[in-house]
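Please read the structure below before turning to the comments.
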Amino acid sequence: MVGKKFTLGWILRNLFLWFVVFVMLFPILHMISVSLSGTWDVVTNSIGVYPKIDGKFGATLATYKFVLAKPLIFTAYKNTIVYTVLGTAVALFVLSTGAYALSKSNRLPGGKTLNILVLITMFFSGGMIPGFLCIKWLGLLDTIWAIVLPHAFGAYNCIIMRSFFQGFPKEIEESGFLDGLNDIGVLWYLVLPTSTAVLATIGLFVAVSQWNGFMGPLIYLNDEKKYPLQIILRQIVLESVMDEFEGAARDTTFAENSIKYATIAVAVIPIIAVYPFLQKYFVKGVMIGSVKG
Amino acid sequence: MRATKNAAAEVLPNSPASAKPEWLKKLSDGKYLLMLVLPSVICLALFYYFPMYGLVIAFKDYKPFIGLWESEWVGFENFIRFFNYKYAWRMIRNTFLLSFWSLLWGFPAPIILALVLNEVQNMKFKKFVQTISYMPHFFSTVIVVGLVTMLLSPTGGLITKALESIGIEATNILADARYFRTIYIASGIWQELGWGAIVYLAALTNVDPQLYEAATIDGAGKMRCLWSITLPSIAPTIITMLLLRMGSLFNVGFEKAFLLQSPSTYETSEIIATYVYTQGLQSNSFSYGTAVGLFNSIVSLALVIIGNYVSKTVSETSLW
C-alpha cells in the first residue's frame with residue numbers, strides 16, 4: 001500500500017498543489033507579516049512570510065491601531081459597511097420579487113418580453129458615460145443611492161434566482177392559492193422560507209460586489225465623506241496620498257509600507273474571515289449559474 | 001382574509017360575463033405578479049434602458065447646459081474623430097491583445113488544476129487546496145492591484161528583491177510598458193485560477209468511474225485514461241467555456257487596467273475602456289467618450305453573437 005501510494009505521480013501532484021497553495025498564500029502572508037512587524041524590520045526589507053520585531057519573530061498591532069484611528073479610514077469603513085448592508089437588502093428585495101414574477105412568465109402580462117429585456121442587459125449596456133449622465137439626471141450623484149440602486153438589479157443574479165424559483169413545486173403554490181393567498185402571499189409565506197439557500201448565495205454575491213465596488217464610487221461620488229474603503233485604499237496604496245498620515249512617514253514611527261499593507265489588510269480581513277464559512281454557498285451559486293438560465 | 005374576499009369579489013361578476021375581453025382577464029389574474037415585478041422593471045428602465053437611450057449623444061454634440069434634446073446632431077463625426085486619433089489603433093490592439101493573451105495563458109490553467117485535484121484521494125487535502133485557491137477571487141481589484149504594486153515596488157518589493165537576487169534588473173518593472181501585460185495576466189491567473197476550476201471539477205465528478213475500471217483492466221495507464229476518458233468527457237464543458245470567453249475578447253474590464261496603468265505604460269496598457277473614462281469623464285467630452293464606448297460595445301456584442309452561433313453549431317449549447 002505504501003509503495004503504491006508514493007509513486008512519481010503522487011509526488012509530482014503534491015508538489016504542484018503545494019506550489020499552488022504557496023503562491024496563493026504568499027502575498028497574503030507577506031502582507032500580514034509586514035503590517036504586524038516593527039518599523040525597523042520593514043524599513044530594512046527583511047520581512048518574508050512571518051512578522052518580525054527587531055530581527056526576531058514577533059508581532060505588534062500598533063500599525064493597525066494607527067490606521068484605524070484615522071478618521072478618513074474609519075469613515076470609509078463605516079460607509080462600506082452601510083453600502084454593503086443596504087445594497088444587499090435592496091437587491092434581495094428587488095431580485096426576489098422580480099425573479100419570482102418573471103418565473104411565472106405565462107401568467108405575468110408581458111412576462112416573455114420582460115424576460116428578453118432582462119437577457120439583453122447581459123450583453124449590451126449604455127456604458128460608462130450614459131450611465132453617469134443618467135445618474136446625474138436622476139439627481140443621484142454624490143448620494144448613497146448612486147451606489148446602492150444601479151446594482152440592485154442584475155441580469156445574471158435574476159436569472160439564477162428565476163431558474164431556482166421555476167423548480168418550486170407547483171402543488172404547494174396551488175395549495176397556497178386554495179388557502180386564499182395571492183401571488184405575494186405565496187412568495188412570502190411559502191416560496192421564500194424554502195429558498196434560503198438561493199437567497200444566501202445571491203445575497204453574498206451582491207454583498208461581495210458592493211464591498212469590493214470601485215468604479216461606481218469613483219464615478220458617482222465626489223464627497224470625501226462618502227467614499228468607501230476601496231477608494232481610500234487606492235489613494236493610500238496606489239497613489240501614496242499620505243496627507244492623512246502627516247508626519248508619520250517622515251518621523252518613521254511607522255514605515256510607509258507597513259501603513260499600506262495594514263490598510264489593505266483591514267479591507268481584506270473581513271473577507272478572509274467570513275469566506276471559509278460561506279464557501280459552500282458561493283460554490284453552489286456557480287453551479288446553479290452554470291446550469292443554463 | 002382580505003385577499004380571499006377580493007378574489008371572490010372578482011371571480012363572481014367575472015364568471016357569468018365571459019364578455020370581458022381576454023387581456024383584461026389576464027391582467028386581473030396577473031395583477032399581483034405585476035406588482036411584484038414593478039421594482040425590477042423600474043430598476044431595469046432607470047439603470048439599463050435609460051442609459052441605452054442616452055447613447056444617442058454619441059451622434060450629437062452634447063452640451064450639458066443646452067440639454068439632450070437641443071444639442072446638435074453631428075452624425076458619425078465623433079466616431080470619425082476617434083478613428084483619426086493617432087492612438088486609436090493602439091488602443092484597439094491593446095484591448096484585444098490583453099484579453100487574447102489572458103485567454104491563451106489563463107484558460108488552460110484552471111483545467112490543469114481541476115485535473116490534478118481530481119486525482120487527489122485525500123479529501124481533506126483537496127478541500128484545503130480548493131479553499132485556499134478560491135479565496136483571491138473575492139478580493140477587490142484595488143486589493144489585487146495594491147498587492148501587485150507592493151510586491152513589485154522598487155522600494156522593498158519582495159518580488160523585485162527576488163528578481164534582483166537572481167540577477168534580473170527589476171527596479172522599475174511597474175513603469176515598464178513591456179511588462180504590463182505579463183503583470184496583468186499573471187495576477188489575473190493568481191486571482192481566478194481556483195474559482196475557474198470549479199466548473200471543471202463538477203464536470204469531472206460526472207465521469208462514470210466504471211470507465212476507468214474497465215480501461216485499467218484492459219491495461220490502460222494513467223496517462224492513457226486521462227487522454228482517452230477524462231478529456232473527452234469534459235470536452236463539452238471546455239468548448240462551451242472557451243466559446244464564452246472568446247465572445248468577451250473585446251470586453252476588457254475597466255477597473256484593473258485603470259488601476260494598474262500609468263502614462264509610462266500607455267504603449268501597452270491604454271485600452272478603450274480607460275480612454276473612455278479619461279476623455280468622457282475627466283475631460284468632459286461626453287459625446288466623444290460615449291461614441292468610443294459604443295464602438296467597443298458593438299464590437300463586443302458582435303463577438304458574443306458570433307461565439308454563440310459557433311457554440312450552437314459545435315456543441316449545441318447556447319447562451320440564449
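Residues are named by chain letter and number: chains run A, B, ... in the order of the C-alpha cells, numbers start at 1 in each chain, and ligands are numbered from 1 in the order shown.
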
*Select residues of chain A: the criterion is any atom within 6 Å of an atom of chain B, counting only C-alpha atoms; output as a ChimeraX atom specification.*
/A:45,94,97-98,101,107-108,126,129-131,134,150,180,183,212

Just C-alpha atoms for this one: save the residues we selected as a PDB file, in the first residue's frame.
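Dumped to again.pdb:
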```pdb
ATOM      1  CA  ASN A  45      13.171  44.935   3.964  1.00  0.00           C
ATOM      2  CA  VAL A  94     -35.844  43.687  -5.961  1.00  0.00           C
ATOM      3  CA  THR A  97     -39.865  39.774  -6.162  1.00  0.00           C
ATOM      4  CA  GLY A  98     -38.796  40.316  -9.763  1.00  0.00           C
ATOM      5  CA  ALA A 101     -42.782  37.174 -11.143  1.00  0.00           C
ATOM      6  CA  ARG A 107     -49.241  34.392 -16.182  1.00  0.00           C
ATOM      7  CA  LEU A 108     -47.341  37.659 -15.885  1.00  0.00           C
ATOM      8  CA  GLY A 126     -25.289  52.040 -22.334  1.00  0.00           C
ATOM      9  CA  ILE A 129     -20.807  57.812 -19.756  1.00  0.00           C
ATOM     10  CA  PRO A 130     -24.533  57.412 -20.459  1.00  0.00           C
ATOM     11  CA  GLY A 131     -24.657  55.605 -17.113  1.00  0.00           C
ATOM     12  CA  CYS A 134     -28.320  59.060 -16.206  1.00  0.00           C
ATOM     13  CA  PRO A 150     -27.746  50.713 -10.006  1.00  0.00           C
ATOM     14  CA  GLY A 180     -56.714  32.232  -0.202  1.00  0.00           C
ATOM     15  CA  ASP A 183     -49.044  35.644  -5.500  1.00  0.00           C
ATOM     16  CA  ASN A 212     -15.370  45.464  -3.491  1.00  0.00           C
TER      17      ASN A 212
END
```

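These are the residues of stretch 12-182 of chain A assigned strand (DSSP E or B) by DSSP from backbone coordinates: Lys52, Ile53, Lys56 and Phe57 of chain A.
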
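The shortest atom-to-atom distance to A:Ala262, with only C-alpha atoms taken into account, belongs to A:Leu68 out of A:Pro51, A:Leu68, A:Leu221, A:Leu17.
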
_I'd like the neighbourhood of A:Leu192 as a PyMOL selection string, where a residue qualifies if any of its atoms comes within 12 Å (using only C-alpha atoms), though same-chain residues fewer than 6 positions away should be ignored._
chain A and resi 92-93+95-97+99-100+161+164-165+168+173+183-186+198-200

*Mind checking which residues fall within 10 Å of B:Pro108, counting only C-alpha atoms, ignoring those fewer than 2 positions away in the same chain, and posting them as number ranges by chain?*
B: 103-106, 110-113, 193, 196-197, 238, 242

_Point-to-point distance in Å for atom CA of A:Val274 and atom CA of A:Lys225_ = 27.0 Å

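Checking A:Pro27, A:Thr39, A:Ala273, A:Phe124 one by one against B:Leu303, counting only C-alpha atoms, you find the shortest gap at A:Phe124.
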
*asked:* To test your reading of the structure, identify every residue in stretch 107-205 of chain B that backbone DSSP assigns to alpha helix (DSSP H), and report it as a ChimeraX atom specification.
replied: /B:108-119,123-134,141-151,158-165,180-205

*Could you state the separation of atom CA of B:Ala235 and atom CA of B:Leu115 in Å, given to one decimal place?*
12.5 Å

*Computed interatomic separation between atom CA of B:Ile185 and atom CA of B:Phe100 (Å)*: 10.1 Å
